[in-house]
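**Q** Contents of work_31.cif (mmCIF, C-alpha atoms):
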data_final
loop_
_atom_site.group_PDB
_atom_site.id
_atom_site.type_symbol
_atom_site.label_atom_id
_atom_site.label_comp_id
_atom_site.auth_asym_id
_atom_site.auth_seq_id
_atom_site.Cartn_x
_atom_site.Cartn_y
_atom_site.Cartn_z
ATOM 1 C CA MET V 1 -40.187 -142.283 82.407
ATOM 2 C CA LEU V 2 -40.711 -139.733 85.142
ATOM 3 C CA GLN V 3 -43.945 -137.770 85.078
ATOM 4 C CA VAL V 4 -43.932 -134.292 86.609
ATOM 5 C CA TYR V 5 -47.293 -132.598 86.272
ATOM 6 C CA GLN V 6 -48.286 -133.452 82.670
ATOM 7 C CA THR V 7 -44.737 -133.796 81.365
ATOM 8 C CA GLN V 8 -42.906 -137.075 80.799
ATOM 9 C CA LEU V 9 -39.153 -136.911 81.303
ATOM 10 C CA ARG V 10 -36.616 -139.512 80.266
ATOM 11 C CA SER V 11 -33.653 -137.885 82.007
ATOM 12 C CA ARG V 12 -33.387 -138.037 85.793
ATOM 13 C CA LEU V 13 -30.736 -135.317 85.904
ATOM 14 C CA MET V 14 -31.745 -131.676 85.963
ATOM 15 C CA LEU V 15 -29.031 -129.073 85.654
ATOM 16 C CA GLY V 16 -28.648 -125.574 87.041
ATOM 17 C CA THR V 17 -27.140 -122.948 84.740
ATOM 18 C CA ALA V 18 -25.350 -120.693 87.249
ATOM 19 C CA ARG V 19 -21.680 -120.217 88.187
ATOM 20 C CA TYR V 20 -20.116 -121.752 85.031
ATOM 21 C CA PRO V 21 -16.875 -120.337 83.617
ATOM 22 C CA SER V 22 -18.549 -119.363 80.323
ATOM 23 C CA PRO V 23 -21.817 -119.646 78.356
ATOM 24 C CA ALA V 24 -20.175 -122.183 76.006
ATOM 25 C CA ILE V 25 -19.406 -124.408 78.993
ATOM 26 C CA VAL V 26 -23.033 -124.161 80.168
ATOM 27 C CA ALA V 27 -24.102 -125.461 76.761
ATOM 28 C CA GLY V 28 -21.486 -128.228 76.804
ATOM 29 C CA ALA V 29 -22.508 -129.311 80.305
ATOM 30 C CA VAL V 30 -26.224 -129.439 79.451
ATOM 31 C CA ARG V 31 -25.455 -131.680 76.476
ATOM 32 C CA ALA V 32 -23.050 -133.907 78.417
ATOM 33 C CA ALA V 33 -25.594 -134.256 81.240
ATOM 34 C CA ARG V 34 -28.258 -135.269 78.693
ATOM 35 C CA ALA V 35 -30.509 -132.966 80.735
ATOM 36 C CA GLU V 36 -34.040 -132.232 79.545
ATOM 37 C CA VAL V 37 -34.698 -129.592 82.198
ATOM 38 C CA VAL V 38 -32.480 -126.699 83.259
ATOM 39 C CA THR V 39 -33.107 -124.159 85.976
ATOM 40 C CA VAL V 40 -33.003 -120.441 85.251
ATOM 41 C CA ALA V 41 -33.626 -117.236 87.165
ATOM 42 C CA LEU V 42 -34.628 -113.610 86.744
ATOM 43 C CA ARG V 43 -32.318 -110.748 87.585
ATOM 44 C CA ARG V 44 -32.218 -107.013 87.086
ATOM 45 C CA GLU V 45 -31.413 -106.232 83.456
ATOM 46 C CA SER V 46 -29.107 -103.389 82.503
ATOM 47 C CA ALA V 47 -30.333 -101.660 79.345
ATOM 48 C CA GLY V 48 -26.706 -101.163 78.307
ATOM 49 C CA GLU V 49 -25.386 -104.696 78.757
ATOM 50 C CA ARG V 50 -28.507 -106.748 77.965
ATOM 51 C CA ALA V 51 -26.813 -109.799 79.486
ATOM 52 C CA GLY V 52 -30.153 -111.509 79.962
ATOM 53 C CA GLN V 53 -30.988 -111.394 76.265
ATOM 54 C CA ALA V 54 -27.788 -113.239 75.312
ATOM 55 C CA PHE V 55 -28.338 -115.851 78.011
ATOM 56 C CA TRP V 56 -31.932 -116.435 76.926
ATOM 57 C CA SER V 57 -30.839 -116.980 73.311
ATOM 58 C CA LEU V 58 -28.310 -119.567 74.473
ATOM 59 C CA ILE V 59 -30.902 -121.508 76.481
ATOM 60 C CA ARG V 60 -33.435 -121.480 73.655
ATOM 61 C CA GLU V 61 -30.846 -122.870 71.261
ATOM 62 C CA LEU V 62 -30.335 -125.839 73.597
ATOM 63 C CA GLY V 63 -33.965 -126.868 73.141
ATOM 64 C CA VAL V 64 -34.499 -127.882 76.777
ATOM 65 C CA ARG V 65 -37.359 -127.178 79.155
ATOM 66 C CA VAL V 66 -36.733 -124.410 81.638
ATOM 67 C CA LEU V 67 -37.639 -124.482 85.304
ATOM 68 C CA PRO V 68 -37.473 -120.880 86.543
ATOM 69 C CA ASN V 69 -36.657 -120.365 90.217
ATOM 70 C CA THR V 70 -37.453 -117.724 92.790
ATOM 71 C CA ALA V 71 -33.915 -117.838 94.210
ATOM 72 C CA GLY V 72 -33.026 -114.999 96.520
ATOM 73 C CA CYS V 73 -36.609 -114.386 97.635
ATOM 74 C CA HIS V 74 -36.977 -114.059 101.393
ATOM 75 C CA SER V 75 -40.699 -113.343 101.602
ATOM 76 C CA VAL V 76 -43.936 -114.789 100.260
ATOM 77 C CA LYS V 77 -44.678 -111.538 98.466
ATOM 78 C CA GLU V 78 -41.302 -111.461 96.683
ATOM 79 C CA ALA V 79 -41.579 -115.112 95.675
ATOM 80 C CA VAL V 80 -45.134 -114.787 94.334
ATOM 81 C CA THR V 81 -44.288 -111.628 92.367
ATOM 82 C CA THR V 82 -41.127 -113.250 90.961
ATOM 83 C CA ALA V 83 -43.161 -116.299 89.929
ATOM 84 C CA HIS V 84 -45.567 -114.088 87.973
ATOM 85 C CA MET V 85 -42.682 -112.321 86.269
ATOM 86 C CA ALA V 86 -41.014 -115.651 85.433
ATOM 87 C CA ARG V 87 -44.201 -117.119 83.977
ATOM 88 C CA GLU V 88 -44.449 -114.198 81.580
ATOM 89 C CA VAL V 89 -40.803 -114.154 80.493
ATOM 90 C CA PHE V 90 -40.239 -117.907 80.242
ATOM 91 C CA GLY V 91 -43.723 -118.869 79.068
ATOM 92 C CA THR V 92 -44.086 -121.803 81.460
ATOM 93 C CA PRO V 93 -46.355 -122.511 84.440
ATOM 94 C CA TRP V 94 -43.444 -124.330 86.127
ATOM 95 C CA ILE V 95 -41.841 -122.577 89.057
ATOM 96 C CA LYS V 96 -39.143 -123.834 91.397
ATOM 97 C CA LEU V 97 -40.352 -122.125 94.514
ATOM 98 C CA GLU V 98 -37.695 -120.989 96.957
ATOM 99 C CA VAL V 99 -38.449 -118.890 99.998
ATOM 100 C CA ILE V 100 -35.202 -118.560 101.914
ATOM 101 C CA GLY V 101 -35.452 -118.409 105.680
ATOM 102 C CA GLU V 102 -31.869 -118.319 106.860
ATOM 103 C CA ASP V 103 -28.815 -116.933 105.090
ATOM 104 C CA ASP V 104 -26.008 -119.162 106.409
ATOM 105 C CA THR V 105 -27.673 -122.415 105.378
ATOM 106 C CA LEU V 106 -30.073 -121.021 102.737
ATOM 107 C CA GLN V 107 -32.605 -123.188 104.532
ATOM 108 C CA PRO V 108 -36.145 -122.820 103.204
ATOM 109 C CA ASP V 109 -38.629 -120.810 105.250
ATOM 110 C CA VAL V 110 -41.119 -123.645 105.202
ATOM 111 C CA PHE V 111 -43.963 -121.531 106.606
ATOM 112 C CA GLY V 112 -43.592 -118.944 103.858
ATOM 113 C CA LEU V 113 -43.050 -121.739 101.332
ATOM 114 C CA VAL V 114 -46.403 -123.385 102.115
ATOM 115 C CA GLU V 115 -48.209 -120.039 101.966
ATOM 116 C CA ALA V 116 -46.617 -119.072 98.632
ATOM 117 C CA ALA V 117 -47.287 -122.567 97.221
ATOM 118 C CA ARG V 118 -50.965 -122.311 98.144
ATOM 119 C CA THR V 119 -51.269 -118.948 96.373
ATOM 120 C CA LEU V 120 -49.389 -120.050 93.244
ATOM 121 C CA CYS V 121 -51.102 -123.446 92.881
ATOM 122 C CA ALA V 122 -54.481 -121.697 93.097
ATOM 123 C CA GLU V 123 -53.347 -119.413 90.264
ATOM 124 C CA GLY V 124 -52.510 -122.349 87.996
ATOM 125 C CA PHE V 125 -48.773 -122.560 88.560
ATOM 126 C CA GLU V 126 -47.103 -125.980 88.617
ATOM 127 C CA VAL V 127 -45.019 -125.587 91.712
ATOM 128 C CA PHE V 128 -41.745 -127.411 92.467
ATOM 129 C CA PRO V 129 -41.121 -126.435 96.098
ATOM 130 C CA TYR V 130 -37.570 -126.403 97.429
ATOM 131 C CA THR V 131 -38.141 -127.841 100.889
ATOM 132 C CA THR V 132 -36.564 -129.788 103.720
ATOM 133 C CA GLU V 133 -37.154 -133.499 104.391
ATOM 134 C CA ASP V 134 -39.815 -132.625 107.015
ATOM 135 C CA LEU V 135 -42.819 -134.933 106.596
ATOM 136 C CA VAL V 136 -45.382 -132.496 107.958
ATOM 137 C CA VAL V 137 -44.196 -129.713 105.673
ATOM 138 C CA ALA V 138 -44.382 -132.171 102.773
ATOM 139 C CA GLU V 139 -47.997 -132.975 103.707
ATOM 140 C CA ARG V 140 -48.842 -129.279 103.775
ATOM 141 C CA LEU V 141 -47.192 -128.661 100.393
ATOM 142 C CA LEU V 142 -49.175 -131.505 98.837
ATOM 143 C CA ALA V 143 -52.372 -130.186 100.429
ATOM 144 C CA ALA V 144 -51.524 -126.767 98.936
ATOM 145 C CA GLY V 145 -51.581 -128.352 95.477
ATOM 146 C CA CYS V 146 -47.943 -129.282 94.808
ATOM 147 C CA ARG V 147 -47.554 -132.538 92.863
ATOM 148 C CA VAL V 148 -43.750 -132.674 93.050
ATOM 149 C CA LEU V 149 -41.420 -132.053 95.993
ATOM 150 C CA MET V 150 -37.786 -130.980 95.917
ATOM 151 C CA PRO V 151 -36.195 -131.855 99.256
ATOM 152 C CA TRP V 152 -32.669 -130.673 99.928
ATOM 153 C CA GLY V 153 -29.812 -133.139 100.225
ATOM 154 C CA ALA V 154 -27.676 -130.591 102.094
ATOM 155 C CA PRO V 155 -27.377 -126.778 102.097
ATOM 156 C CA ILE V 156 -27.160 -125.256 98.597
ATOM 157 C CA GLY V 157 -23.662 -125.380 97.157
ATOM 158 C CA SER V 158 -22.220 -127.307 100.131
ATOM 159 C CA GLY V 159 -21.440 -130.512 98.224
ATOM 160 C CA ARG V 160 -22.096 -132.626 101.314
ATOM 161 C CA GLY V 161 -24.436 -135.180 99.755
ATOM 162 C CA LEU V 162 -27.476 -136.656 101.497
ATOM 163 C CA ASN V 163 -27.070 -135.182 104.977
ATOM 164 C CA ASN V 164 -30.067 -136.716 106.697
ATOM 165 C CA LEU V 165 -30.397 -140.207 105.270
ATOM 166 C CA PHE V 166 -32.936 -141.283 107.874
ATOM 167 C CA GLY V 167 -35.187 -138.305 107.170
ATOM 168 C CA LEU V 168 -34.904 -138.643 103.404
ATOM 169 C CA LYS V 169 -35.641 -142.374 103.492
ATOM 170 C CA ALA V 170 -38.682 -141.671 105.664
ATOM 171 C CA LEU V 171 -39.873 -139.055 103.168
ATOM 172 C CA ARG V 172 -39.498 -141.520 100.286
ATOM 173 C CA ALA V 173 -41.325 -144.245 102.203
ATOM 174 C CA HIS V 174 -44.090 -141.895 103.311
ATOM 175 C CA PHE V 175 -44.932 -140.593 99.833
ATOM 176 C CA PRO V 176 -44.298 -143.507 97.452
ATOM 177 C CA GLU V 177 -46.336 -141.976 94.620
ATOM 178 C CA VAL V 178 -45.064 -138.377 94.734
ATOM 179 C CA PRO V 179 -42.180 -137.439 92.421
ATOM 180 C CA LEU V 180 -39.295 -136.473 94.716
ATOM 181 C CA ILE V 181 -36.337 -134.619 93.241
ATOM 182 C CA ILE V 182 -33.255 -134.061 95.394
ATOM 183 C CA ASP V 183 -32.357 -130.400 95.044
ATOM 184 C CA ALA V 184 -29.230 -128.895 96.496
ATOM 185 C CA GLY V 185 -26.137 -129.993 98.331
ATOM 186 C CA LEU V 186 -24.920 -132.894 96.192
ATOM 187 C CA GLY V 187 -21.204 -132.753 95.455
ATOM 188 C CA LEU V 188 -20.284 -136.000 93.730
ATOM 189 C CA PRO V 189 -21.780 -138.384 91.189
ATOM 190 C CA SER V 190 -21.844 -141.032 93.953
ATOM 191 C CA HIS V 191 -24.242 -138.802 95.916
ATOM 192 C CA ALA V 192 -26.548 -138.659 92.897
ATOM 193 C CA ALA V 193 -26.321 -142.424 92.399
ATOM 194 C CA GLN V 194 -27.203 -142.911 96.072
ATOM 195 C CA ALA V 195 -30.267 -140.671 95.727
ATOM 196 C CA LEU V 196 -31.570 -142.733 92.812
ATOM 197 C CA GLU V 197 -30.705 -146.021 94.571
ATOM 198 C CA LEU V 198 -32.842 -144.894 97.519
ATOM 199 C CA GLY V 199 -35.766 -144.372 95.173
ATOM 200 C CA PHE V 200 -35.650 -140.629 94.610
ATOM 201 C CA ASP V 201 -36.918 -139.867 91.136
ATOM 202 C CA ALA V 202 -34.332 -137.339 89.989
ATOM 203 C CA VAL V 203 -31.657 -134.920 91.148
ATOM 204 C CA LEU V 204 -30.950 -131.287 90.387
ATOM 205 C CA ILE V 205 -27.256 -130.400 90.258
ATOM 206 C CA ASN V 206 -25.654 -127.011 89.796
ATOM 207 C CA THR V 207 -22.549 -126.102 91.799
ATOM 208 C CA ALA V 208 -21.006 -129.603 91.729
ATOM 209 C CA VAL V 209 -20.896 -129.416 87.935
ATOM 210 C CA ALA V 210 -20.381 -125.690 87.377
ATOM 211 C CA GLN V 211 -17.475 -125.355 89.800
ATOM 212 C CA ALA V 212 -15.716 -128.601 88.875
ATOM 213 C CA ARG V 213 -12.330 -128.181 87.180
ATOM 214 C CA ASP V 214 -13.934 -129.574 84.009
ATOM 215 C CA PRO V 215 -17.690 -128.932 84.195
ATOM 216 C CA VAL V 216 -18.491 -130.740 80.942
ATOM 217 C CA GLN V 217 -16.707 -133.905 82.041
ATOM 218 C CA MET V 218 -18.360 -133.720 85.465
ATOM 219 C CA ALA V 219 -21.793 -133.316 83.838
ATOM 220 C CA GLY V 220 -21.154 -136.533 81.930
ATOM 221 C CA ALA V 221 -20.069 -138.274 85.149
ATOM 222 C CA PHE V 222 -23.317 -137.231 86.865
ATOM 223 C CA ALA V 223 -25.326 -138.496 83.894
ATOM 224 C CA GLN V 224 -23.725 -141.928 84.211
ATOM 225 C CA ALA V 225 -24.202 -141.982 87.980
ATOM 226 C CA VAL V 226 -27.877 -141.150 87.726
ATOM 227 C CA GLU V 227 -28.421 -143.854 85.124
ATOM 228 C CA ALA V 228 -26.546 -146.383 87.284
ATOM 229 C CA GLY V 229 -28.529 -145.416 90.388
ATOM 230 C CA LEU V 230 -31.863 -145.751 88.604
ATOM 231 C CA ALA V 231 -30.906 -149.118 87.087
ATOM 232 C CA ALA V 232 -29.803 -150.341 90.521
ATOM 233 C CA ARG V 233 -33.092 -149.243 92.079
ATOM 234 C CA GLN V 234 -35.071 -151.041 89.398
ATOM 235 C CA ALA V 235 -32.899 -154.152 89.781
ATOM 236 C CA GLY V 236 -33.780 -154.483 93.488
ATOM 237 C CA PRO V 237 -30.743 -154.026 95.773
ATOM 238 C CA ILE V 238 -30.000 -156.536 98.540
ATOM 239 C CA GLU V 239 -30.496 -155.593 102.179
ATOM 240 C CA PRO V 240 -27.307 -154.914 104.157
ATOM 241 C CA ARG V 241 -26.652 -157.402 106.992
ATOM 242 C CA ASP V 242 -24.282 -157.612 109.920
ATOM 243 C CA LEU V 243 -22.627 -161.002 109.350
ATOM 244 C CA ALA V 244 -20.756 -162.436 106.399
ATOM 245 C CA VAL V 245 -22.539 -164.763 104.006
ATOM 246 C CA PRO V 246 -20.178 -166.787 101.795
ATOM 247 C CA SER V 247 -20.774 -166.032 98.153
ATOM 248 C CA THR V 248 -18.960 -169.196 97.015
ATOM 249 C CA PRO V 249 -20.991 -172.381 97.745
ATOM 250 C CA LEU V 250 -19.567 -174.440 100.623
ATOM 251 C CA ILE V 251 -20.701 -177.820 99.284
ATOM 252 C CA GLY V 252 -17.700 -179.797 98.019
ATOM 253 C CA THR V 253 -15.080 -177.576 99.634
ATOM 254 C CA ALA V 254 -11.641 -179.278 99.442
ATOM 255 C CA PHE V 255 -9.599 -180.413 102.473
ATOM 256 C CA ARG V 256 -12.640 -180.588 104.767
ATOM 257 C CA GLY V 257 -13.387 -183.849 106.543
ATOM 258 C CA MET E 1 -39.820 -87.248 86.528
ATOM 259 C CA LYS E 2 -37.454 -89.346 88.612
ATOM 260 C CA ILE E 3 -38.067 -93.036 89.156
ATOM 261 C CA LEU E 4 -35.998 -95.729 90.781
ATOM 262 C CA VAL E 5 -35.065 -98.249 88.052
ATOM 263 C CA ASN E 6 -33.503 -101.451 89.377
ATOM 264 C CA GLY E 7 -32.305 -99.575 92.414
ATOM 265 C CA ALA E 8 -30.842 -96.522 90.606
ATOM 266 C CA TRP E 9 -32.530 -93.128 90.125
ATOM 267 C CA ARG E 10 -33.277 -92.371 86.470
ATOM 268 C CA GLU E 11 -34.919 -89.437 84.749
ATOM 269 C CA THR E 12 -37.774 -90.175 82.311
ATOM 270 C CA HIS E 13 -40.097 -87.950 80.325
ATOM 271 C CA SER E 14 -42.754 -90.598 79.703
ATOM 272 C CA SER E 15 -45.165 -91.457 82.472
ATOM 273 C CA GLU E 16 -46.602 -94.415 80.583
ATOM 274 C CA LEU E 17 -44.660 -97.574 81.458
ATOM 275 C CA ALA E 18 -44.372 -98.933 77.898
ATOM 276 C CA ARG E 19 -42.894 -95.640 76.650
ATOM 277 C CA ALA E 20 -40.659 -95.233 79.691
ATOM 278 C CA LEU E 21 -39.146 -98.667 79.015
ATOM 279 C CA GLU E 22 -38.297 -97.639 75.455
ATOM 280 C CA GLU E 23 -36.825 -94.391 76.686
ATOM 281 C CA LEU E 24 -34.683 -96.272 79.215
ATOM 282 C CA GLY E 25 -33.283 -98.488 76.455
ATOM 283 C CA TYR E 26 -35.278 -101.686 76.953
ATOM 284 C CA GLY E 27 -37.064 -101.398 73.604
ATOM 285 C CA ALA E 28 -37.002 -104.899 72.125
ATOM 286 C CA SER E 29 -35.720 -106.747 75.197
ATOM 287 C CA VAL E 30 -37.388 -109.769 76.747
ATOM 288 C CA VAL E 31 -38.081 -108.393 80.205
ATOM 289 C CA SER E 32 -40.672 -108.581 82.923
ATOM 290 C CA THR E 33 -41.689 -105.594 84.986
ATOM 291 C CA ALA E 34 -42.914 -104.734 88.461
ATOM 292 C CA VAL E 35 -43.906 -101.307 89.784
ATOM 293 C CA ASN E 36 -43.665 -100.709 93.536
ATOM 294 C CA GLY E 37 -43.344 -104.461 94.074
ATOM 295 C CA GLU E 38 -46.433 -105.378 92.028
ATOM 296 C CA PHE E 39 -46.083 -107.398 88.816
ATOM 297 C CA VAL E 40 -47.187 -105.495 85.706
ATOM 298 C CA ALA E 41 -47.884 -107.809 82.762
ATOM 299 C CA ALA E 42 -46.553 -106.837 79.334
ATOM 300 C CA SER E 43 -50.133 -106.347 78.117
ATOM 301 C CA GLN E 44 -50.710 -103.754 80.868
ATOM 302 C CA ARG E 45 -47.609 -101.640 80.252
ATOM 303 C CA ALA E 46 -49.405 -99.286 77.875
ATOM 304 C CA HIS E 47 -52.088 -98.693 80.522
ATOM 305 C CA THR E 48 -49.779 -98.254 83.501
ATOM 306 C CA VAL E 49 -48.939 -94.721 84.575
ATOM 307 C CA LEU E 50 -45.775 -94.030 86.538
ATOM 308 C CA ALA E 51 -45.509 -91.345 89.185
ATOM 309 C CA ASP E 52 -42.499 -89.475 90.515
ATOM 310 C CA GLY E 53 -40.598 -91.685 92.986
ATOM 311 C CA ASP E 54 -42.033 -95.009 91.741
ATOM 312 C CA ARG E 55 -39.860 -98.096 92.036
ATOM 313 C CA LEU E 56 -39.575 -99.950 88.732
ATOM 314 C CA GLU E 57 -38.019 -103.409 88.480
ATOM 315 C CA VAL E 58 -36.967 -104.635 85.023
ATOM 316 C CA LEU E 59 -35.936 -108.273 85.122
ATOM 317 C CA ALA E 60 -34.588 -110.594 82.430
ATOM 318 C CA PRO E 61 -33.565 -114.253 82.133
ATOM 319 C CA MET E 62 -30.391 -115.068 84.005
ATOM 320 C CA GLN E 63 -28.359 -118.106 85.046
ATOM 321 C CA GLY E 64 -29.972 -119.882 87.974
ATOM 322 C CA GLY E 65 -29.693 -122.976 90.133
#
What does this structure look like when you write it as structure tokens?

**A**
Amino acid sequence: MLQVYQTQLRSRLMLGTARYPSPAIVAGAVRAARAEVVTVALRRESAGERAGQAFWSLIRELGVRVLPNTAGCHSVKEAVTTAHMAREVFGTPWIKLEVIGEDDTLQPDVFGLVEAARTLCAEGFEVFPYTTEDLVVAERLLAAGCRVLMPWGAPIGSGRGLNNLFGLKALRAHFPEVPLIIDAGLGLPSHAAQALELGFDAVLINTAVAQARDPVQMAGAFAQAVEAGLAARQAGPIEPRDLAVPSTPLIGTAFRG
Amino acid sequence: MKILVNGAWRETHSSELARALEELGYGASVVSTAVNGEFVAASQRAHTVLADGDRLEVLAPMQGG
């Protein structure tokens, strides 16, 4: 089981709900992923269309926990205000805190992120900060009161996998007790398996599932990959080495001597 | 009175936020509000007075990553 704040989670796969072909496919993907947590957002509501009301009904029917985000916020003020609005609408202290610093990479503004995290943690929020693999930033986020970190694998939606393996491994080694959830940039189930094999506690996937030709099938593939990666981690992988080691015993080999 | 609702100018007769929301068609919707960039909790909407030119944000649940 994975514990995040006071919540125990069985599933190591969290799913984003954006960019799917239809609401029915969102529901199918969440079920196929066996996800217990889905991410959601807040957007301007048109009184005529009421699109948000229909979406909220769909999510409630799925019976999963929601992790609201502050996606699109570029300042501390915007992110903190959005967090307050999300807490009221979604009825949860959880907030996936994003403060975007750069538009081409959607890289977090880590300075604003730490400041917003400090404010929100002090107000009783349970903050899931979307951050880089930077160790010093991670230290600051933990000092601010965060008990979970969400380092990026690669830029959001890029599908590149774990871009900085050295940095991510260092982060895992440096904070062995902190739940670390890879957020953003994974494109394939093998990327998710790799994250779990390296000891990351969970992954959050959105685009790789939503934009697949068959999102429901891809959600199922990610679920299997995450389970395989976790099992492999628990089983204790061997260390890679440079030279061959025969797997078949050499004693009694025929035609020798 | 004219206020900016989600980025578009709208005319309202009510200056009280709770009533203005009903007038704008958000009656029974699950929404969260901010006035001039400051969060206004649902419990405060009846006590919040809007002025001409105020910026009102009305947000609702939406797909997110």

**Q** List as a list in words the residues having at least one atom at most 12 Å from position (-44.1, -87.8, 82.5) as given in the file, counting only C-alpha atoms.

**A**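 It turns out the residues near that spot are Met1, Lys2, Ile3, Glu11, Thr12, His13, Ser14, Ser15, Glu16, Leu17, Arg19, Ala20, Glu23, Thr48, Val49, Leu50, Ala51, Asp52, Gly53 and Asp54 of chain E.
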
**Q** Please save C-alpha atoms of the selected residues as a compact mmCIF listing (two decimals), keeping the file's coordinate frame.

**A**
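So the final result, stored in result_14.txt, reads:
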# COMPACT_ATOMS: atom_id res chain seq x y z
CA MET E 1 -39.82 -87.25 86.53
CA LYS E 2 -37.45 -89.35 88.61
CA ILE E 3 -38.07 -93.04 89.16
CA GLU E 11 -34.92 -89.44 84.75
CA THR E 12 -37.77 -90.18 82.31
CA HIS E 13 -40.10 -87.95 80.32
CA SER E 14 -42.75 -90.60 79.70
CA SER E 15 -45.16 -91.46 82.47
CA GLU E 16 -46.60 -94.42 80.58
CA LEU E 17 -44.66 -97.57 81.46
CA ARG E 19 -42.89 -95.64 76.65
CA ALA E 20 -40.66 -95.23 79.69
CA GLU E 23 -36.83 -94.39 76.69
CA THR E 48 -49.78 -98.25 83.50
CA VAL E 49 -48.94 -94.72 84.58
CA LEU E 50 -45.78 -94.03 86.54
CA ALA E 51 -45.51 -91.34 89.18
CA ASP E 52 -42.50 -89.48 90.52
CA GLY E 53 -40.60 -91.68 92.99
CA ASP E 54 -42.03 -95.01 91.74

**Q** Using all atoms listed in the file and a cutoff of 12 Å, can you tell me which residues are near (-25.5, -141.6, 95.1) in the file's coordinates, and write them out as a PyMOL selection string?

**A** chain V and resi 153+160-163+165+182+186-200+202-203+221-230+232-233

**Q** Kindly resolve the PyMOL selection byres ((chain V) within 6 of (chain E)) on the present coordinates and return the residues as a PyMOL selection string.

**A** chain V and resi 16-18+39-45+47+52+56+81+85+206

**Q** Which residues are close to region 123-139 of chain V, i.e. within 9 Å by all atoms listed in the file, leaving aside same-chain residues fewer than 3 positions away? Reply as a PyMOL selection string.

**A** chain V and resi 5+67+69+83+87+92-99+107-111+113-114+117-120+142-153+164+167-168+170-171+174-175+183-184

**Q** Can you work out the spacing between CA of Asp104 (chain V) and CA of Pro179 (chain V) in Å, to one decimal?

**A**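 Rounded to one decimal, the two atoms are 28.1 Å apart.
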
**Q** What's the separation between CA of Val4 (chain V) and CA of Gly185 (chain V), in Å to one decimal place?

**A**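 Interatomic distance, CA of Val4 (chain V) to CA of Gly185 (chain V): 21.7 Å.
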
**Q** What is the CA of Leu58 (chain V) to CA of Pro215 (chain V) distance in Å?

**A**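 So the two atoms, CA of Leu58 (chain V) and CA of Pro215 (chain V), lie 17.2 Å apart.
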
**Q** Starting from the displayed file, determine the output of the PyMOL selection byres ((chain V and resi 26) around 10) and express the residue list as a PyMOL selection string.

**A** (chain V and resi 15-25+27-32+58-59+62+209-210+215-216+219) or (chain E and resi 63)

**Q** Pick the closest to Met1 (chain V) from V:Asp201, V:Ile238, V:Ala173, V:Val245: which is it, counting all atoms listed in the file?

**A**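 Using all atoms listed in the file, Met1 (chain V) sits closest to V:Asp201.
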
**Q** Can you spell out as a short mmCIF file (atom, residue, chain, number, x, y, z; two decimals) with C-alpha atoms, keeping the file's coordinate frame the set of residues that the PyMOL selection byres ((chain V and resi 157) around 6) selects in the structure I just provided?

**A**
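Produced file selection39.cif, reproduced below:
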data_model
loop_
_atom_site.label_atom_id
_atom_site.label_comp_id
_atom_site.auth_asym_id
_atom_site.auth_seq_id
_atom_site.Cartn_x
_atom_site.Cartn_y
_atom_site.Cartn_z
CA ILE V 156 -27.16 -125.26 98.60
CA SER V 158 -22.22 -127.31 100.13
CA GLY V 159 -21.44 -130.51 98.22
CA GLY V 185 -26.14 -129.99 98.33
CA THR V 207 -22.55 -126.10 91.80
#
